[in-house]
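Below: protein-v2.txt (compact mmCIF, C-alpha atoms)
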```txt
# COMPACT_ATOMS: atom_id res chain seq x y z
CA MET A 114 15.89 5.39 3.08
CA ARG A 115 15.55 1.89 1.78
CA SER A 116 14.41 -0.20 -1.17
CA PHE A 117 14.07 -3.98 -0.91
CA THR A 118 13.11 -7.07 -2.86
CA ILE A 119 11.07 -9.51 -0.78
CA LEU A 120 12.23 -13.08 -0.19
CA THR A 121 9.13 -15.25 0.21
CA ALA A 122 8.91 -17.77 3.05
CA SER A 123 8.28 -21.43 2.45
CA ALA A 124 5.48 -21.53 5.00
CA LEU A 125 2.88 -19.08 6.27
CA LEU A 126 4.00 -17.29 9.40
CA PHE A 127 0.53 -17.34 10.86
CA SER A 128 1.14 -20.99 11.75
CA LEU A 129 3.31 -19.63 14.60
CA SER A 130 1.12 -18.22 17.35
CA TRP A 131 2.55 -15.97 20.05
CA ALA A 132 -0.79 -14.77 21.45
CA ASN A 133 -0.54 -13.55 25.04
CA PRO A 134 -3.57 -11.94 26.76
CA GLN A 135 -1.25 -10.00 29.09
CA CYS A 136 -0.40 -7.79 26.12
CA TYR A 137 -3.77 -6.09 26.60
CA LEU A 138 -3.38 -5.50 30.32
CA GLU A 139 0.11 -4.06 29.82
CA GLY A 140 -0.84 -2.04 26.75
CA TYR A 141 -4.02 -0.47 28.14
CA PRO A 142 -3.51 -0.32 31.94
CA ASN A 143 -6.06 2.48 32.34
CA LEU A 144 -8.71 0.81 30.17
CA VAL A 145 -8.36 -2.96 30.69
CA ALA A 146 -9.25 -4.44 34.10
CA SER A 147 -8.21 -8.07 33.53
CA ALA A 148 -6.91 -10.37 30.80
CA ASP A 149 -6.53 -14.14 30.56
CA GLU A 150 -7.07 -16.98 28.08
CA ASN A 151 -10.82 -16.77 28.63
CA ALA A 152 -11.60 -13.09 28.38
CA ILE A 153 -10.46 -9.49 28.21
CA VAL A 154 -12.51 -7.31 30.58
CA LEU A 155 -12.52 -3.52 30.29
CA LYS A 156 -12.75 -1.28 33.34
CA ASP A 157 -16.29 -0.28 32.36
CA GLY A 158 -17.29 -3.96 32.66
CA THR A 159 -17.36 -4.78 28.94
CA ARG A 160 -16.25 -8.39 28.47
CA PHE A 161 -14.82 -9.98 25.33
CA SER A 162 -14.02 -13.64 24.83
CA TYR A 163 -10.33 -14.03 24.08
CA HIS A 164 -11.12 -16.66 21.44
CA THR A 165 -14.20 -16.67 19.20
CA LYS A 166 -15.77 -19.81 17.77
CA ASP A 167 -15.09 -18.89 14.14
CA SER A 168 -12.32 -20.84 12.42
CA LYS A 169 -9.06 -18.90 11.94
CA SER A 170 -7.11 -21.38 9.81
CA SER A 171 -6.86 -19.49 6.51
CA TRP A 172 -5.47 -16.03 5.87
CA ASP A 173 -8.86 -14.81 4.66
CA GLU A 174 -10.46 -15.94 7.93
CA LYS A 175 -7.72 -14.27 9.98
CA ILE A 176 -7.82 -10.92 8.20
CA ASN A 177 -11.62 -10.71 8.04
CA HIS A 178 -12.63 -12.45 11.29
CA ALA A 179 -9.82 -11.90 13.77
CA ASP A 180 -10.45 -12.32 17.48
CA LEU A 181 -8.41 -10.93 20.38
CA ALA A 182 -6.04 -13.88 20.32
CA THR A 183 -5.45 -13.56 16.58
CA GLN A 184 -4.85 -9.82 17.02
CA VAL A 185 -1.63 -10.40 18.97
CA GLU A 186 -0.49 -13.74 17.54
CA GLN A 187 2.25 -12.17 15.41
CA HIS A 188 5.00 -10.43 17.39
CA TYR A 189 5.61 -6.87 16.26
CA ASP A 190 9.31 -6.27 15.58
CA ALA A 191 10.13 -2.79 16.81
CA GLY A 192 13.84 -3.29 16.23
CA GLY A 193 14.33 -4.59 12.70
CA TYR A 194 14.46 -2.28 9.71
CA ASP A 195 16.78 -3.71 7.10
CA THR A 196 14.96 -7.03 6.70
CA PRO A 197 11.72 -7.03 4.69
CA PRO A 198 8.71 -8.62 6.42
CA SER A 199 8.16 -12.30 5.62
CA TYR A 200 5.21 -13.62 3.64
CA LEU A 201 1.88 -12.70 5.33
CA PHE A 202 3.64 -11.27 8.37
CA ASP A 203 1.35 -8.36 9.33
CA PRO A 204 1.50 -7.75 13.11
CA GLY A 205 -1.27 -5.28 13.85
CA ARG A 206 -3.22 -5.75 10.63
CA LEU A 207 -5.30 -8.56 12.13
CA ARG A 208 -7.86 -6.62 14.18
CA TYR A 209 -10.91 -7.42 16.29
CA GLN A 210 -13.20 -4.49 15.50
CA PRO A 211 -15.56 -4.72 18.55
CA PHE A 212 -12.59 -4.15 20.88
CA PHE A 213 -11.71 -0.82 19.28
CA GLN A 214 -15.35 0.24 19.13
CA ALA A 215 -15.63 -0.42 22.88
CA LEU A 216 -12.53 1.68 23.56
CA TYR A 217 -12.94 4.61 21.19
CA GLY A 218 -16.63 4.77 20.26
CA LYS A 219 -19.26 2.32 19.03
CA ASP A 220 -20.16 4.36 15.92
CA GLN A 221 -19.25 7.56 14.10
CA LYS A 222 -21.26 9.79 16.43
CA ALA A 223 -19.74 8.28 19.57
CA ILE A 224 -16.20 8.42 18.16
CA GLU A 225 -16.55 12.06 17.19
CA LYS A 226 -17.56 12.95 20.75
CA ASN A 227 -14.14 11.66 21.82
CA LEU A 228 -12.16 13.68 19.28
CA VAL A 229 -10.00 16.65 20.25
CA HIS A 230 -7.62 18.66 18.09
CA ILE A 231 -3.84 18.83 18.37
CA ASN A 232 -1.27 21.01 16.64
CA TRP A 233 1.01 19.02 14.34
CA PRO A 234 4.26 20.84 13.41
CA THR A 235 5.09 21.24 9.72
CA LEU A 236 7.93 22.96 7.90
CA LYS A 237 5.66 25.95 7.24
CA GLY A 238 3.66 26.13 10.47
CA THR A 239 1.16 23.73 12.06
CA LEU A 240 -1.79 21.54 11.11
CA ASN A 241 -4.85 21.15 13.32
CA LEU A 242 -5.52 17.41 13.49
CA PRO A 243 -8.51 15.59 15.06
CA VAL A 244 -7.40 12.75 17.37
CA ASN A 245 -9.18 10.50 19.88
CA LYS A 246 -8.57 11.51 23.51
CA VAL A 247 -9.35 8.08 25.04
CA GLY A 248 -6.29 6.60 26.72
CA GLY A 249 -4.35 9.80 26.05
CA VAL A 250 -3.85 9.07 22.34
CA ASP A 251 -4.05 12.80 21.59
CA LYS A 252 -1.30 13.62 24.09
CA LYS A 253 0.94 10.89 22.72
CA LEU A 254 0.53 12.04 19.12
CA TYR A 255 1.20 15.63 20.15
CA ALA A 256 4.44 14.53 21.86
CA ILE A 257 5.44 12.62 18.71
CA GLY A 258 4.98 15.73 16.61
CA GLN A 259 7.16 17.74 19.00
CA GLU A 260 9.97 15.18 18.78
CA ILE A 261 9.77 14.97 14.99
CA SER A 262 10.01 18.77 14.79
CA LYS A 263 13.52 18.49 16.25
CA LEU A 264 14.76 16.13 13.51
CA PRO A 265 16.86 17.36 10.55
CA LYS A 266 14.84 18.80 7.68
CA SER A 267 15.80 15.82 5.48
CA ASP A 268 13.80 13.60 7.86
CA ARG A 269 11.08 16.07 8.76
CA ILE A 270 9.88 16.32 5.16
CA TRP A 271 8.50 12.78 5.61
CA ALA A 272 6.13 14.04 8.30
CA GLU A 273 4.43 16.51 5.98
CA GLY A 274 0.90 16.10 4.59
CA ALA A 275 -0.39 14.50 7.81
CA THR A 276 -3.98 13.24 7.97
CA THR A 277 -5.73 11.56 10.91
CA TYR A 278 -9.46 11.02 11.51
CA CYS A 279 -11.66 9.88 8.65
CA TYR A 280 -14.63 7.58 9.22
CA ARG A 281 -14.33 5.02 6.41
CA VAL A 282 -13.74 1.38 5.59
CA ILE A 283 -10.42 -0.03 4.38
CA GLN A 284 -10.15 -0.12 0.60
CA ASP A 285 -11.91 -3.16 -0.94
CA THR A 286 -13.18 -4.41 2.44
CA ASP A 287 -16.05 -3.87 4.88
CA ARG A 288 -13.65 -3.47 7.83
CA LEU A 289 -13.34 -0.07 9.48
CA SER A 290 -10.07 1.74 8.96
CA MET A 291 -8.17 2.63 12.13
CA HIS A 292 -8.50 6.22 10.95
CA SER A 293 -12.20 5.82 11.76
CA TYR A 294 -11.34 5.77 15.48
CA GLY A 295 -9.04 8.79 15.36
CA ILE A 296 -6.02 6.73 16.45
CA ALA A 297 -4.09 6.60 13.16
CA ILE A 298 -2.07 9.04 11.10
CA ASP A 299 -0.75 8.97 7.53
CA LEU A 300 2.36 10.93 6.54
CA ALA A 301 3.77 12.00 3.17
CA PRO A 302 1.04 10.19 1.18
CA THR A 303 2.41 11.25 -2.20
CA LYS A 304 5.93 9.93 -1.51
CA THR A 305 5.33 6.70 0.41
CA GLN A 306 4.40 3.18 -0.66
CA TYR A 307 1.28 0.98 -0.47
CA TRP A 308 1.15 -2.72 -1.30
CA LYS A 309 -2.04 -2.51 -3.37
CA ASP A 310 -0.21 -0.42 -5.92
CA GLU A 311 1.64 -3.61 -6.74
CA ALA A 312 -0.92 -6.41 -6.28
CA PRO A 313 -4.62 -6.44 -5.24
CA SER A 314 -4.70 -9.96 -3.82
CA GLU A 315 -4.10 -10.53 -0.08
CA THR A 316 -2.14 -13.71 -0.77
CA ALA A 317 -0.12 -12.44 -3.73
CA HIS A 318 3.68 -12.55 -3.56
CA ILE A 319 4.82 -8.95 -3.60
CA GLY A 320 8.04 -7.01 -3.30
CA TYR A 321 8.78 -4.54 -0.50
CA ARG A 322 9.42 -0.82 -0.93
CA ASN A 323 9.97 1.91 1.63
CA THR A 324 11.24 5.48 1.87
CA MET A 325 10.09 6.41 5.40
CA PRO A 326 13.19 7.15 7.54
CA VAL A 327 13.75 5.03 10.63
CA SER A 328 14.17 8.14 12.79
CA ILE A 329 10.45 8.88 12.44
CA VAL A 330 9.46 5.24 12.91
CA ARG A 331 11.34 4.98 16.20
CA ILE A 332 9.65 8.06 17.64
CA PHE A 333 6.20 6.67 16.89
CA GLU A 334 7.03 3.29 18.39
CA LYS A 335 8.32 4.95 21.55
CA TYR A 336 4.78 6.22 22.17
CA GLY A 337 2.87 3.02 21.36
CA PHE A 338 2.23 3.52 17.65
CA ILE A 339 3.03 0.73 15.20
CA TRP A 340 4.18 1.32 11.62
CA GLY A 341 2.63 -0.15 8.49
CA GLY A 342 6.09 -0.50 6.99
CA ARG A 343 6.65 -3.53 9.24
CA TRP A 344 3.91 -5.41 7.38
CA TYR A 345 4.27 -7.75 4.40
CA HIS A 346 1.27 -5.79 3.08
CA TYR A 347 3.27 -2.61 3.54
CA ASP A 348 1.64 0.78 4.06
CA THR A 349 4.66 2.95 4.77
CA MET A 350 2.75 6.21 5.33
CA HIS A 351 0.63 4.64 8.09
CA PHE A 352 1.01 4.67 11.88
CA GLU A 353 -1.65 3.57 14.39
CA TYR A 354 -1.88 3.46 18.17
CA ARG A 355 -1.56 -0.20 19.18
CA PRO A 356 0.17 -0.38 22.57
CA GLU A 357 -0.78 -4.05 23.08
CA LEU A 358 1.73 -4.94 20.34
CA LEU A 359 4.49 -2.92 21.99
CA ALA A 360 3.84 -4.25 25.52
CA PRO A 361 6.69 -6.22 27.17
CA SER A 362 4.74 -9.50 26.90
CA CYS A 363 4.08 -9.03 23.20
CA VAL A 364 6.89 -7.20 21.43
CA ALA A 365 9.49 -9.24 19.57
CA LYS A 366 12.80 -9.62 21.31
CA ASN A 367 15.93 -9.14 19.23
```
Structure translated into structure tokens:
Amino acid sequence: MRSFTILTASALLFSLSWANPQCYLEGYPNLVASADENAIVLKDGTRFSYHTKDSKSSWDEKINHADLATQVEQHYDAGGYDTPPSYLFDPGRLRYQPFFQALYGKDQKAIEKNLVHINWPTLKGTLNLPVNKVGGVDKKLYAIGQEISKLPKSDRIWAEGATTYCYRVIQDTDRLSMHSYGIAIDLAPTKTQYWKDEAPSETAHIGYRNTMPVSIVRIFEKYGFIWGGRWYHYDTMHFEYRPELLAPSCVAKN
């Protein structure tokens, strides 16, 4: 378990763009038909422009109006753990909402039709958790729970108190939470850390804190889930299914 003090960068990392449309084809091979610099096309024929016309120069524009290119422009580092994320480095936090609505359900009613329940192991039994079945997210989260159940108790306690589906917006925004799609899970909410407990402003300079063990993080990443502890705006209880960021064309190379 770790505790860090953040070292701020002299420049915003979002000036470095690593966007690669192949991330989508590799991450969602059963859902995405084609991907290039012009468009991402789903297998049901839904087409999204890879770039939208809205400006994406400021952090506010990126976080509130991301397009598919912005969504993968920061490489997710699935290897690092000891180094705190740099200023405004949030791979996975920049999201294009229409893409996820097309995959998992356009509204609450449609999403809930795609939900199934899985058993999540706990130290005292199991929890019955609602999870989206599209793309096999439910099967992947079930497998994660089985692997975590084999960890030592000192690590397993950080997988207690699990919550998944909840149709809601992210705190202080009008953007849908990834929990709204049934593809995210929070663990140990009373013992983990969230950046807004330190500073409410998106562009504030904040420190980094984390107690989630790397053993759990690695299991999630193995199955295509990213961890909110790899964000400058850290949310160390949070994991969400984002295989485009863990695809060979997109993931950071150490």
Fill in: Proximity to Glu174 (chain A) - best of A:Tyr209, A:Trp233, A:Tyr347, A:Phe161, all atoms listed in the file
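For Glu174 (chain A), the nearest of the given residues is A:Tyr209.
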Fill in: Best match for closeness to Leu264 (chain A) among A:Val327, A:Leu228, A:Ile176, A:Met291, counting only C-alpha atoms
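That would be A:Val327, the residue with the smallest distance to Leu264 (chain A).
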Worksheet item: Rounded to one decimal in Å, what is the spacing between CA of Pro211 (chain A) and CA of Asp173 (chain A)?
Response: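 These atoms are spaced 18.4 Å apart.
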Discussion item. Need to verify the contact set: region 187-191 of chain A, 12 Å, all atoms listed in the file, exclusion of same-chain residues closer than 4 positions in sequence. Can you return it as a PyMOL selection string?
Written reply: chain A and resi 125-133+136+175+181-183+195-199+201-208+327+330-345+355-367
Practice prompt. Rank A:Gly158, A:Ala152, A:Lys304, A:Gln221 by their smallest atom-to-atom distance to Arg281 (chain A), using all atoms listed in the file, and report the top residue only.
Written response: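 Closest candidate: A:Gln221.
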Worksheet entry | Of the listed residues A:Val244, A:Ala312, A:Val185, A:Ala301, that which approaches Asp268 (chain A) most closely, counting only C-alpha atoms |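 Selected residue with least distance to Asp268 (chain A): A:Ala301.
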Worksheet item: Could you state the separation of CA of Asn245 (chain A) and CA of Ala275 (chain A) in Å, given to one decimal place?
Response: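 These two atoms are separated by 15.5 Å.
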Practice prompt. Could you please determine the separation between CA of Trp271 (chain A) and CA of Leu242 (chain A) in Å, to one decimal place?
Written response: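 That distance, rounded to one decimal, is 16.7 Å.
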Worksheet item: Using all atoms listed in the file, which of A:Thr305, A:Gln214, A:Pro326, A:His230 sits nearest Pro265 (chain A)?
Response: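 Of A:Thr305, A:Gln214, A:Pro326, A:His230, the one nearest Pro265 (chain A), counting all atoms listed in the file, is A:Pro326.
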Practice prompt. Select, from A:Glu311, A:Glu273, A:Glu225, A:Glu260, the residue with the minimum atom-to-atom distance to Val247 (chain A), counting all atoms listed in the file.
Written response: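 The answer is A:Glu225, which sits nearest to Val247 (chain A).
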